[in-house]
Structure formats: structure tokens, C-alpha cells
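Text of the file coords_15.cif, holding mmCIF, C-alpha atoms and all ligand atoms:
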data_model
#
loop_
_atom_site.group_PDB
_atom_site.id
_atom_site.type_symbol
_atom_site.label_atom_id
_atom_site.label_comp_id
_atom_site.auth_asym_id
_atom_site.auth_seq_id
_atom_site.Cartn_x
_atom_site.Cartn_y
_atom_site.Cartn_z
ATOM 1 C CA MET A 27 0.000 0.000 0.000
ATOM 2 C CA ALA A 28 1.292 3.506 -0.831
ATOM 3 C CA ARG A 29 2.665 5.488 2.066
ATOM 4 C CA THR A 30 0.830 8.749 2.628
ATOM 5 C CA ILE A 31 2.177 12.249 3.188
ATOM 6 C CA ALA A 32 -0.239 14.520 5.038
ATOM 7 C CA VAL A 33 -0.364 18.104 3.760
ATOM 8 C CA LEU A 34 -2.376 20.281 6.123
ATOM 9 C CA ASN A 35 -3.361 23.896 5.589
ATOM 10 C CA GLY A 36 -4.734 26.378 8.088
ATOM 11 C CA PRO A 37 -6.964 29.450 7.981
ATOM 12 C CA ASN A 38 -7.548 31.575 4.885
ATOM 13 C CA LEU A 39 -5.349 29.444 2.667
ATOM 14 C CA ASN A 40 -8.477 28.598 0.654
ATOM 15 C CA LEU A 41 -8.149 32.200 -0.599
ATOM 16 C CA LEU A 42 -4.749 31.661 -2.216
ATOM 17 C CA GLY A 43 -4.719 33.018 -5.757
ATOM 18 C CA VAL A 44 -8.045 34.755 -5.181
ATOM 19 C CA ARG A 45 -7.125 37.685 -2.890
ATOM 20 C CA ARG A 46 -3.830 39.408 -1.964
ATOM 21 C CA THR A 47 -2.057 38.029 -5.032
ATOM 22 C CA GLU A 48 0.619 40.720 -4.598
ATOM 23 C CA VAL A 49 1.712 38.897 -1.408
ATOM 24 C CA TYR A 50 0.858 35.251 -2.098
ATOM 25 C CA GLY A 51 0.991 35.047 -5.914
ATOM 26 C CA ALA A 52 -1.599 33.867 -8.396
ATOM 27 C CA ASP A 53 -1.393 30.144 -7.713
ATOM 28 C CA THR A 54 -4.308 28.562 -5.896
ATOM 29 C CA LEU A 55 -4.442 25.924 -3.180
ATOM 30 C CA ALA A 56 -5.583 23.470 -5.879
ATOM 31 C CA ASP A 57 -2.316 24.241 -7.696
ATOM 32 C CA ALA A 58 -0.414 23.511 -4.456
ATOM 33 C CA GLU A 59 -2.230 20.196 -4.122
ATOM 34 C CA ALA A 60 -1.380 19.274 -7.740
ATOM 35 C CA ALA A 61 2.293 20.146 -7.112
ATOM 36 C CA CYS A 62 2.325 17.878 -4.037
ATOM 37 C CA ARG A 63 0.789 14.969 -5.939
ATOM 38 C CA SER A 64 3.210 15.385 -8.879
ATOM 39 C CA GLN A 65 6.133 15.308 -6.464
ATOM 40 C CA ALA A 66 4.856 12.361 -4.443
ATOM 41 C CA ALA A 67 3.546 9.999 -7.135
ATOM 42 C CA PRO A 68 6.836 9.000 -8.833
ATOM 43 C CA ALA A 69 8.206 8.023 -5.412
ATOM 44 C CA GLY A 70 5.141 5.890 -4.724
ATOM 45 C CA PHE A 71 3.614 8.173 -2.090
ATOM 46 C CA ALA A 72 -0.025 9.217 -1.809
ATOM 47 C CA VAL A 73 -1.000 12.669 -0.531
ATOM 48 C CA ASP A 74 -3.770 13.483 1.927
ATOM 49 C CA PHE A 75 -4.263 17.221 1.304
ATOM 50 C CA ARG A 76 -6.601 19.220 3.560
ATOM 51 C CA GLN A 77 -7.485 22.809 4.451
ATOM 52 C CA THR A 78 -9.627 24.088 7.285
ATOM 53 C CA ASN A 79 -10.446 27.440 8.861
ATOM 54 C CA HIS A 80 -11.231 25.760 12.201
ATOM 55 C CA GLU A 81 -8.454 25.064 14.695
ATOM 56 C CA GLY A 82 -10.173 22.069 16.310
ATOM 57 C CA VAL A 83 -10.748 20.469 12.910
ATOM 58 C CA PHE A 84 -7.056 20.959 12.111
ATOM 59 C CA ILE A 85 -6.024 19.339 15.408
ATOM 60 C CA ASP A 86 -8.450 16.452 14.856
ATOM 61 C CA ALA A 87 -6.847 15.880 11.425
ATOM 62 C CA VAL A 88 -3.405 15.694 13.049
ATOM 63 C CA HIS A 89 -4.740 13.139 15.554
ATOM 64 C CA GLU A 90 -6.417 11.139 12.781
ATOM 65 C CA LEU A 91 -3.296 10.994 10.599
ATOM 66 C CA ARG A 92 -0.493 11.024 13.161
ATOM 67 C CA SER A 93 0.153 7.293 13.246
ATOM 68 C CA THR A 94 -0.488 6.513 9.553
ATOM 69 C CA ALA A 95 1.190 9.399 7.695
ATOM 70 C CA ALA A 96 4.861 9.008 6.745
ATOM 71 C CA GLY A 97 5.313 12.715 7.487
ATOM 72 C CA PHE A 98 3.546 16.044 7.571
ATOM 73 C CA VAL A 99 3.892 19.145 5.401
ATOM 74 C CA VAL A 100 2.105 21.934 7.246
ATOM 75 C CA ASN A 101 1.183 25.484 6.363
ATOM 76 C CA ALA A 102 -0.635 26.422 9.543
ATOM 77 C CA GLY A 103 -1.156 30.000 8.305
ATOM 78 C CA ALA A 104 -1.659 32.463 11.165
ATOM 79 C CA TRP A 105 -1.801 29.615 13.738
ATOM 80 C CA THR A 106 1.949 29.264 13.123
ATOM 81 C CA HIS A 107 2.405 32.498 15.051
ATOM 82 C CA THR A 108 -0.275 32.033 17.704
ATOM 83 C CA SER A 109 -1.151 28.453 18.536
ATOM 84 C CA VAL A 110 0.375 26.354 21.283
ATOM 85 C CA ALA A 111 -2.490 23.896 20.690
ATOM 86 C CA VAL A 112 -1.456 23.255 17.075
ATOM 87 C CA ARG A 113 2.145 22.808 18.184
ATOM 88 C CA ASP A 114 1.127 20.403 20.965
ATOM 89 C CA ALA A 115 -0.799 18.303 18.418
ATOM 90 C CA LEU A 116 2.057 18.240 15.903
ATOM 91 C CA GLU A 117 4.535 17.376 18.649
ATOM 92 C CA THR A 118 2.779 13.988 19.003
ATOM 93 C CA VAL A 119 3.505 13.075 15.377
ATOM 94 C CA PRO A 120 6.225 10.417 15.067
ATOM 95 C CA GLY A 121 7.196 11.219 11.450
ATOM 96 C CA PRO A 122 9.001 14.348 10.227
ATOM 97 C CA LEU A 123 7.279 17.723 10.006
ATOM 98 C CA ILE A 124 8.124 20.312 7.349
ATOM 99 C CA GLU A 125 6.740 23.827 7.933
ATOM 100 C CA VAL A 126 5.849 25.691 4.735
ATOM 101 C CA HIS A 127 4.912 29.287 4.044
ATOM 102 C CA VAL A 128 4.076 30.629 0.607
ATOM 103 C CA SER A 129 5.380 34.098 1.453
ATOM 104 C CA ASN A 130 8.709 35.011 3.019
ATOM 105 C CA VAL A 131 7.406 35.556 6.524
ATOM 106 C CA HIS A 132 10.808 36.938 7.629
ATOM 107 C CA ALA A 133 10.498 39.842 5.195
ATOM 108 C CA ARG A 134 7.049 40.737 6.556
ATOM 109 C CA GLU A 135 5.639 42.107 9.836
ATOM 110 C CA PRO A 136 7.563 41.181 13.012
ATOM 111 C CA PHE A 137 4.625 39.139 14.372
ATOM 112 C CA ARG A 138 5.123 36.727 11.457
ATOM 113 C CA HIS A 139 8.784 36.117 12.370
ATOM 114 C CA HIS A 140 7.993 33.887 15.329
ATOM 115 C CA SER A 141 6.847 30.327 14.748
ATOM 116 C CA TYR A 142 5.584 27.951 17.422
ATOM 117 C CA LEU A 143 6.202 25.118 14.958
ATOM 118 C CA ALA A 144 9.770 25.769 13.801
ATOM 119 C CA PRO A 145 11.399 24.285 16.944
ATOM 120 C CA ILE A 146 9.668 20.935 16.352
ATOM 121 C CA ALA A 147 10.038 20.939 12.544
ATOM 122 C CA ALA A 148 12.655 18.978 10.600
ATOM 123 C CA GLY A 149 12.758 21.899 8.162
ATOM 124 C CA VAL A 150 11.160 25.250 7.346
ATOM 125 C CA ILE A 151 10.456 26.568 3.826
ATOM 126 C CA ALA A 152 9.319 30.159 3.259
ATOM 127 C CA GLY A 153 9.045 32.502 0.306
ATOM 128 C CA CYS A 154 9.102 29.891 -2.466
ATOM 129 C CA GLY A 155 5.449 30.252 -3.408
ATOM 130 C CA ILE A 156 3.490 27.046 -3.829
ATOM 131 C CA GLN A 157 6.706 25.339 -4.994
ATOM 132 C CA GLY A 158 7.526 25.252 -1.282
ATOM 133 C CA TYR A 159 4.876 22.548 -0.858
ATOM 134 C CA ALA A 160 6.607 20.358 -3.463
ATOM 135 C CA PHE A 161 9.946 20.981 -1.711
ATOM 136 C CA GLY A 162 8.342 19.912 1.553
ATOM 137 C CA VAL A 163 6.984 16.699 0.035
ATOM 138 C CA ALA A 164 10.396 15.953 -1.533
ATOM 139 C CA ARG A 165 12.043 16.430 1.847
ATOM 140 C CA ILE A 166 9.612 14.053 3.577
ATOM 141 C CA ILE A 167 10.371 11.446 0.897
ATOM 142 C CA THR A 168 14.111 11.854 1.503
ATOM 143 C CA LEU A 169 13.774 11.762 5.286
ATOM 144 C CA THR A 170 11.597 8.668 5.256
ATOM 145 C CA GLY A 171 13.883 6.625 3.022
ATOM 146 C CA GLY A 172 12.833 7.531 -0.504
ATOM 147 C CA PRO A 173 10.674 5.543 -2.913
ATOM 148 C CA ALA A 174 9.144 2.371 -1.497
HETATM 149 O O1 LIG B 201 2.910 32.740 3.685
HETATM 150 C C1 LIG B 201 2.177 31.885 4.157
HETATM 151 O O2 LIG B 201 1.978 30.783 3.622
HETATM 152 C C2 LIG B 201 1.398 32.172 5.443
HETATM 153 O O3 LIG B 201 1.349 30.977 6.204
HETATM 154 C C3 LIG B 201 0.007 32.607 5.001
HETATM 155 C C4 LIG B 201 -0.882 33.039 6.161
HETATM 156 C C5 LIG B 201 -0.175 34.082 7.037
HETATM 157 O O4 LIG B 201 -0.972 34.372 8.176
HETATM 158 C C6 LIG B 201 1.203 33.592 7.493
HETATM 159 O O5 LIG B 201 1.819 34.615 8.243
HETATM 160 C C7 LIG B 201 2.068 33.253 6.291
HETATM 161 C C8 LIG B 201 -2.185 33.629 5.609
HETATM 162 C C9 LIG B 201 -2.971 32.617 4.821
HETATM 163 C C10 LIG B 201 -3.462 33.179 3.534
HETATM 164 O O6 LIG B 201 -4.292 34.299 3.780
HETATM 165 C C11 LIG B 201 -4.839 34.929 2.730
HETATM 166 C C12 LIG B 201 -5.627 36.026 3.054
HETATM 167 C C13 LIG B 201 -6.225 36.758 2.050
HETATM 168 C C14 LIG B 201 -6.041 36.362 0.722
HETATM 169 C C15 LIG B 201 -5.238 35.269 0.403
HETATM 170 C C16 LIG B 201 -4.646 34.543 1.413
#

Can you dump the structure from the file as C-alpha cells?
Ligand code: CA2
Amino acid sequence: MARTIAVLNGPNLNLLGVRRTEVYGADTLADAEAACRSQAAPAGFAVDFRQTNHEGVFIDAVHELRSTAAGFVVNAGAWTHTSVAVRDALETVPGPLIEVHVSNVHAREPFRHHSYLAPIAAGVIAGCGIQGYAFGVARIITLTGGPA
């Protein structure tokens, strides 16, 4: 059975490519999902790609997938900068976590410079647009031993 990489997205990321394109670019979350699948498929990995605007739903998804996913690629959106609860959930995940941001959060407002997730992540990708998601998937594949 194909191993699965969980790709979880937090609040407002459903608006990618629709609003604030000067910050986040014109690519949509559907484009990000397609990039993840294109990266994962040749290595024999499936992708479980989700987005929610509700913190509890996000945490429930982490609990649901924590023991079956090979690793997690997470763009927690604004929860990155605010949520101990999201960090506590992701800290229970045995596989590697890659934190992704579409924009370069370090070139933006100071409140975006702090991440509750970075200290528990195997890697952090920011400012690469939706290509960052594909980089994150590639990194999970490398960290978990490559193609099955
Ligand atoms: O750059 C990223 O990927 C972020 O995680 C996006 C979050 C932001 O809070 C983080 O600091 C950085 C925002 C999600 C997208 O929000 C949108 C709001 C309006 C229009 C389009 C997207």
C-alpha cells in the first residue's frame, strides 16, 4: 500500500490566488495540491491534502493521521504564530514535520517572524510560493527513506 504524506493547511489558505495576489501570488491551493501529488507519485507516495479554517478540525486531522502518515507538510497559516495547541498536536507526530509558508514571513511584519512550529520541525520553507509545498513533500520522501 502507498505510504501517505499529510499536507495540512490552516486558515484563509483557501483564498490563495483569489485575494492578496501581490503577497501570495496567483497560484491557488488546488495548484499547491497538484504540485504535491506530482512530487509524491513518482516516489510511490499518496497525498492526503486538507485545508480548514477551524483550529479544532485541524487538530483532529493531526490526531487522525499522526500514526499513519509518513510525514507532515504543514502550512498552519496564522496559527503558526499564535497556537500552542497546534504545536502540541504536531509534537505527538512520530514522522518528520516540514513547515511551509508561501510568502517570506521573515520579510514581513515582526509578528510573522515567530513560529511555534519551527522548533519541532525537521525543516522550514518560506518565500518559495506554492513550490515550497513540493519541496516539503520531496524532503519528507528523503527523510523517510525515498521511494518504497
Ligand atoms: O505565507 C504563508 O503561507 C502564510 O502561512 C500565510 C498566512 C499568514 O498568516 C502567514 O503569516 C504566512 C495567511 C494565509 C493566507 O491568507 C490569505 C488572506 C487573504 C487572501 C489570500 C490569502

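If you measure from each of A:Val163, A:Ala144, A:Val44, A:Val150 to Asn130 in chain A using all atoms listed in the file, the closest one turns out to be A:Val150.
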
Fill in: Selected residue, from A:Asn40, A:Pro173, A:Ala72, A:Thr78, that lies nearest to Asp57 in chain A when counting all atoms listed in the file
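Checking each candidate against Asp57 in chain A, we get A:Asn40 as the closest.
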
Practice prompt. Identify, on the basis of all atoms listed in the file, every residue whose closest approach to range 102-104 of chain A does not exceed 9 Å; exclude the query and any residue fewer than 5 positions from it along the same chain; express the result as a ChimeraX atom specification.
Written response: /A:34-39,84,109,112,125-127,138,143

Sorted by chain and rising residue number, list the residues of chain A at most 10 Å from ligand LIG 201 (chain B) (counting all atoms listed in the file), each with its closest atom pair and distance in Å to one decimal, as a Markdown table.
| residue | atom | partner | partner_atom | distance |
| --- | --- | --- | --- | --- |
| A:Asn35 | CA | B:LIG201 | O3 | 8.5 |
| A:Gly36 | CA | B:LIG201 | C9 | 7.3 |
| A:Pro37 | CA | B:LIG201 | C9 | 6.0 |
| A:Asn38 | CA | B:LIG201 | O6 | 4.4 |
| A:Leu39 | CA | B:LIG201 | C10 | 4.3 |
| A:Asn40 | CA | B:LIG201 | C16 | 7.1 |
| A:Leu41 | CA | B:LIG201 | C15 | 4.3 |
| A:Leu42 | CA | B:LIG201 | C15 | 4.5 |
| A:Gly43 | CA | B:LIG201 | C15 | 6.6 |
| A:Val44 | CA | B:LIG201 | C15 | 6.3 |
| A:Arg45 | CA | B:LIG201 | C14 | 4.0 |
| A:Arg46 | CA | B:LIG201 | C14 | 4.6 |
| A:Thr47 | CA | B:LIG201 | C15 | 6.9 |
| A:Glu48 | CA | B:LIG201 | C15 | 9.4 |
| A:Val49 | CA | B:LIG201 | C15 | 8.0 |
| A:Tyr50 | CA | B:LIG201 | C16 | 6.6 |
| A:Gly51 | CA | B:LIG201 | C15 | 8.9 |
| A:Ala52 | CA | B:LIG201 | C15 | 9.6 |
| A:Thr54 | CA | B:LIG201 | C15 | 9.2 |
| A:Leu55 | CA | B:LIG201 | C16 | 9.8 |
| A:Asn79 | CA | B:LIG201 | C9 | 9.9 |
| A:Val100 | CA | B:LIG201 | O3 | 9.1 |
| A:Asn101 | CA | B:LIG201 | O3 | 5.5 |
| A:Ala102 | CA | B:LIG201 | O3 | 6.0 |
| A:Gly103 | CA | B:LIG201 | O3 | 3.4 |
| A:Ala104 | CA | B:LIG201 | O4 | 3.6 |
| A:Trp105 | CA | B:LIG201 | O4 | 7.4 |
| A:Thr106 | CA | B:LIG201 | C6 | 7.1 |
| A:His107 | CA | B:LIG201 | O5 | 7.2 |
| A:Thr108 | CA | B:LIG201 | O4 | 9.8 |
| A:Glu125 | CA | B:LIG201 | O3 | 9.1 |
| A:Val126 | CA | B:LIG201 | O2 | 6.5 |
| A:His127 | CA | B:LIG201 | O2 | 3.3 |
| A:Val128 | CA | B:LIG201 | O2 | 3.7 |
| A:Ser129 | CA | B:LIG201 | O1 | 3.6 |
| A:Asn130 | CA | B:LIG201 | O1 | 6.3 |
| A:Val131 | CA | B:LIG201 | C7 | 5.8 |
| A:His132 | CA | B:LIG201 | O5 | 9.3 |
| A:Arg134 | CA | B:LIG201 | O5 | 8.2 |
| A:Glu135 | CA | B:LIG201 | O5 | 8.6 |
| A:Pro136 | CA | B:LIG201 | O5 | 9.9 |
| A:Phe137 | CA | B:LIG201 | O5 | 8.1 |
| A:Arg138 | CA | B:LIG201 | O5 | 5.1 |
| A:His139 | CA | B:LIG201 | O5 | 8.2 |
| A:His140 | CA | B:LIG201 | O5 | 9.4 |
| A:Ser141 | CA | B:LIG201 | O5 | 9.3 |
| A:Ile151 | CA | B:LIG201 | O2 | 9.5 |
| A:Ala152 | CA | B:LIG201 | O1 | 6.9 |
| A:Gly153 | CA | B:LIG201 | O1 | 7.0 |
| A:Cys154 | CA | B:LIG201 | O1 | 9.2 |
| A:Gly155 | CA | B:LIG201 | O2 | 7.9 |
| A:Ile156 | CA | B:LIG201 | O2 | 8.5 |
| A:Gly158 | CA | B:LIG201 | O2 | 9.2 |
| A:Tyr159 | CA | B:LIG201 | O2 | 9.8 |

Practice prompt. Select, from A:Pro145, A:Gly171, A:Pro120, A:Gly97, the residue with the minimum atom-to-atom distance to Asp74 in chain A, counting all atoms listed in the file.
Written response: A:Gly97

Item to complete: Could you tell me which residues the PyMOL selection byres (((chain A and resi 75) around 7) and not hetatm) grabs in this file, written as a PyMOL selection string?
Response: chain A and resi 32-34+59+73-74+76

Fill in: Residue IDs satisfying the PyMOL selection byres (((chain A and resi 119) around 12) and not hetatm), as an MDAnalysis selection string
chainID A and resid 32 85 87:99 112:118 120:124 146:148

Fill in: Of the listed residues A:Ala111, A:His80, A:Thr170, A:Phe161, that which approaches Gln65 in chain A most closely, counting all atoms listed in the file
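Nearest to Gln65 in chain A: A:Phe161.
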
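CA of Val110 in chain A sits 28.1 Å away from CA of Thr168 in chain A.
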
Practice prompt. Work out how far CA of Gly70 in chain A is from CA of Leu169 in chain A, in Å to one decimal.
Written response: 14.5 Å

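We find CA of Ala66 in chain A and CA of Gln157 in chain A to be spaced 13.1 Å apart.
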
Around all listed atoms of range 115-119 of chain A, padded 8 Å per side, what centre and edge lengths does the axis-aligned box have in Å to one decimal, as AutoDock Vina command-line options?
--center_x 1.9 --center_y 15.7 --center_z 17.2 --size_x 21.3 --size_y 21.2 --size_z 19.6

Item to complete: Check the smallest atom-to-atom distance from each of A:Ala56, A:Ala164, A:Ala133, A:Val83 to Phe71 in chain A using all atoms listed in the file, then report the winner.
Response: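 Selected residue with least distance to Phe71 in chain A: A:Ala164.
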
Item to complete: List the neighbours of Ala160 in chain A out to 8 Å using all atoms listed in the file; skip same-chain residues closer than 6 positions along the sequence, and give me the result as a list of chain:residue names.
Response: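 Result of the neighbour search: A:Ala58, A:Ala61, A:Cys62, A:Gln65.
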